[in-house]
>>> print(open('target31.tsv').read())   # TSV, C-alpha atoms
chain	number	residue	atom	x	y	z
R	336	MET	CA	149.98	87.37	84.66
R	337	ILE	CA	148.86	90.39	86.72
R	338	GLU	CA	152.46	91.25	87.51
R	339	PHE	CA	153.02	92.12	83.84
R	340	LEU	CA	150.40	94.91	83.84
R	341	PRO	CA	151.72	98.46	83.49
R	342	PRO	CA	151.43	100.56	86.71
R	343	HIS	CA	148.60	102.78	85.44
R	344	VAL	CA	146.56	99.72	84.45
R	345	ARG	CA	147.43	97.94	87.70
R	346	ASP	CA	145.79	100.75	89.75
R	347	ALA	CA	142.59	100.47	87.72
R	348	TYR	CA	142.67	96.67	88.08
R	349	ASP	CA	143.09	96.94	91.88
R	350	ARG	CA	140.12	99.35	92.12
R	351	LEU	CA	138.00	97.01	89.98
R	352	MET	CA	138.87	94.02	92.14
R	353	ALA	CA	138.12	95.96	95.34
R	354	SER	CA	134.72	96.93	93.91
R	355	CYS	CA	134.03	93.31	93.02
R	356	GLY	CA	134.85	92.32	96.61
R	357	GLU	CA	132.44	94.95	97.96
R	358	LEU	CA	129.76	93.77	95.54
R	359	GLU	CA	130.23	90.16	96.65
R	360	ALA	CA	129.96	91.20	100.32
R	361	ALA	CA	126.74	93.13	99.58
R	362	ARG	CA	125.37	90.11	97.71
R	363	ALA	CA	126.12	87.85	100.68
R	364	ARG	CA	124.35	90.28	103.06
R	365	ALA	CA	121.33	90.43	100.74
R	366	LEU	CA	121.11	86.64	100.59
R	367	ASP	CA	121.23	86.48	104.40
R	368	THR	CA	118.40	89.00	104.79
R	369	ASP	CA	115.08	87.57	105.98
R	370	LEU	CA	112.32	89.09	103.84
R	371	LYS	CA	109.51	87.26	105.62
R	372	THR	CA	109.42	89.52	108.63
R	373	THR	CA	106.16	89.83	110.50
R	374	ALA	CA	106.94	93.20	112.07
R	375	THR	CA	104.39	95.90	111.47
R	376	HIS	CA	105.17	99.54	110.85
R	377	ARG	CA	102.99	102.39	112.09
R	378	VAL	CA	102.21	105.25	109.72
R	379	THR	CA	103.21	108.63	111.12
R	380	ALA	CA	103.32	112.17	109.78
R	381	GLU	CA	107.10	111.81	109.56
R	382	LEU	CA	106.76	108.67	107.42
R	383	LEU	CA	104.36	110.38	105.03
R	384	ALA	CA	106.65	113.42	104.79
R	385	ARG	CA	109.58	111.14	104.01
R	386	LEU	CA	107.54	109.32	101.34
R	387	ALA	CA	106.58	112.66	99.79
R	388	SER	CA	110.24	113.68	99.56
R	389	SER	CA	111.27	110.49	97.78
R	390	PRO	CA	111.93	110.61	94.03
R	391	ARG	CA	109.18	108.03	93.38
R	392	ALA	CA	106.41	109.95	95.17
R	393	SER	CA	103.24	110.59	93.21
R	394	ALA	CA	102.36	114.11	92.11
R	395	ASP	CA	99.29	114.03	94.37
R	396	LEU	CA	101.39	113.22	97.44
R	397	ILE	CA	103.95	115.92	96.57
R	398	HIS	CA	101.13	118.45	96.13
R	399	TYR	CA	99.62	117.51	99.49
R	400	ALA	CA	103.05	117.75	101.16
R	401	GLY	CA	103.27	121.33	99.88
R	402	ARG	CA	99.89	122.08	101.45
R	403	VAL	CA	101.05	120.59	104.76
R	404	ALA	CA	104.26	122.63	104.62
R	405	SER	CA	102.25	125.82	104.10
R	406	GLY	CA	100.08	125.03	107.14
R	407	GLU	CA	96.90	124.67	105.11
R	408	CYS	CA	96.28	121.09	106.32
R	409	SER	CA	97.92	118.24	108.24
R	410	TRP	CA	99.08	114.71	107.46
R	411	GLU	CA	96.50	113.32	109.89
R	412	ARG	CA	93.70	114.51	107.60
R	413	ILE	CA	95.16	113.33	104.27
R	414	GLU	CA	92.22	111.00	103.60
R	415	VAL	CA	89.72	113.85	103.92
R	416	ASP	CA	91.58	116.94	102.72
R	417	ALA	CA	93.49	115.49	99.75
R	418	ASP	CA	91.70	115.65	96.43
R	419	PRO	CA	92.44	113.18	94.95
R	420	VAL	CA	93.78	110.96	97.72
R	421	PRO	CA	97.36	109.98	96.79
R	422	PRO	CA	97.76	106.35	95.69
R	423	GLU	CA	100.36	105.82	98.44
R	424	VAL	CA	97.60	106.11	101.05
R	425	GLU	CA	95.63	103.21	99.56
R	426	GLU	CA	98.82	101.16	99.19
R	427	LEU	CA	99.75	101.72	102.83
R	428	LYS	CA	96.25	100.91	104.04
R	429	ALA	CA	96.14	97.71	101.96
R	430	ASP	CA	99.50	96.43	103.22
R	431	PRO	CA	98.97	94.01	106.13
R	432	ARG	CA	102.40	94.92	107.56
R	433	VAL	CA	101.47	98.59	107.88
R	434	GLU	CA	99.31	99.90	110.70
R	435	TRP	CA	97.25	102.96	109.79
R	436	PRO	CA	96.47	105.11	112.87
R	437	GLU	CA	92.96	104.51	114.19
R	438	HIS	CA	92.44	108.15	115.18
R	439	TRP	CA	93.06	109.42	111.64
R	440	PRO	CA	91.46	111.48	110.18
R	441	THR	CA	91.37	113.90	113.06
R	442	PRO	CA	88.23	116.03	113.41
R	443	ILE	CA	88.31	119.66	112.33
R	444	ALA	CA	88.92	121.97	115.27
R	445	GLU	CA	86.57	124.87	115.94
R	446	SER	CA	89.49	127.27	115.38
R	447	ASP	CA	90.02	125.83	111.88
R	448	ILE	CA	86.45	126.61	110.86
R	449	GLY	CA	86.70	130.32	111.65
R	450	SER	CA	84.35	132.67	113.42
R	451	HIS	CA	82.38	133.79	110.37
R	452	PRO	CA	79.55	131.62	109.10
R	453	TYR	CA	79.48	130.64	105.48
R	454	ARG	CA	77.90	133.29	103.29
R	455	ILE	CA	76.49	132.84	99.85
R	456	PRO	CA	78.45	135.18	97.51
R	457	TRP	CA	75.37	137.05	96.22
R	458	GLU	CA	74.06	137.93	99.70
>>> encode(input="target31.tsv", output="structure tokens")
Amino acid sequence: MIEFLPPHVRDAYDRLMASCGELEAARARALDTDLKTTATHRVTAELLARLASSPRASADLIHYAGRVASGECSWERIEVDADPVPPEVEELKADPRVEWPEHWPTPIAESDIGSHPYRIPWE
């Protein structure tokens, strides 16, 4: 039956069948994947930057990533410096397979505070 197809239709048919074969192979790999892994993942600045660059990142995380890129703050202090804290932070902390660094948030360095004491504007 396939041998009676015109040549221009035969090419399209061959591409369709090749795509179906690739889809079936992907389906077989997905079915063989073990989703019950017990491995934990450690949160790093690189991971948070990658999350912020994803299309599904929240506006709060994208805004904080811009602040990090400008040097205003760091990923290690996201829980303290972000206002509001992005929802991804709470999701990561609540996930038992994700390890949040114990030393975060890092303390503010003396150089970050500046040499001038705070002054009330009307002084």
>>> closest_residue(input="target31.tsv", among="R:Ala394, R:Ile455, R:Ala404, R:Ala347", to="Val420 of chain R", atoms="only C-alpha atoms")
R:Ala394
>>> residues_around(input="target31.tsv", residues="segment 373-381 of chain R", least_positions_apart="3", cutoff="6 Å", atoms="all atoms listed in the file", output="ChimeraX atom specification")
/R:384,410,432-435
>>> residues_around(input="target31.tsv", residues="Asp395 of chain R", least_positions_apart="6", cutoff="9 Å", atoms="all atoms listed in the file", output="tab-separated table (two decimals) with C-alpha atoms, keeping the file's coordinate frame")
chain	number	residue	atom	x	y	z
R	417	ALA	CA	93.49	115.49	99.75
R	418	ASP	CA	91.70	115.65	96.43
R	419	PRO	CA	92.44	113.18	94.95
R	420	VAL	CA	93.78	110.96	97.72
R	421	PRO	CA	97.36	109.98	96.79
R	422	PRO	CA	97.76	106.35	95.69
>>> closest_residue(input="target31.tsv", among="R:Ile443, R:Gly406, R:Glu414, R:Pro390", to="Leu427 of chain R", atoms="only C-alpha atoms")
R:Glu414
>>> atom_distance(input="target31.tsv", atom1="atom CA of Leu382 of chain R", atom2="atom CA of Ala400 of chain R")
11.6 Å
>>> residues_around(input="target31.tsv", residues="segment 438-442 of chain R", least_positions_apart="3", cutoff="10 Å", atoms="only C-alpha atoms", output="short mmCIF file (atom, residue, chain, number, x, y, z; two decimals) with C-alpha atoms, keeping the file's coordinate frame")
data_model
loop_
_atom_site.label_atom_id
_atom_site.label_comp_id
_atom_site.auth_asym_id
_atom_site.auth_seq_id
_atom_site.Cartn_x
_atom_site.Cartn_y
_atom_site.Cartn_z
CA SER R 409 97.92 118.24 108.24
CA TRP R 410 99.08 114.71 107.46
CA GLU R 411 96.50 113.32 109.89
CA ARG R 412 93.70 114.51 107.60
CA ILE R 413 95.16 113.33 104.27
CA GLU R 414 92.22 111.00 103.60
CA VAL R 415 89.72 113.85 103.92
CA ASP R 416 91.58 116.94 102.72
CA TRP R 435 97.25 102.96 109.79
CA GLU R 445 86.57 124.87 115.94
#
>>> atom_distance(input="target31.tsv", atom1="atom CA of Tyr399 of chain R", atom2="atom CA of Leu383 of chain R")
10.2 Å
>>> atom_distance(input="target31.tsv", atom1="atom CA of Ser393 of chain R", atom2="atom CA of Glu423 of chain R")
7.6 Å
>>> axis_aligned_box(input="target31.tsv", around="segment 344-353 of chain R", padding_each_side="3 Å", output="AutoDock Vina command-line options")
--center_x 142.7 --center_y 97.4 --center_z 89.9 --size_x 15.4 --size_y 12.7 --size_z 16.9
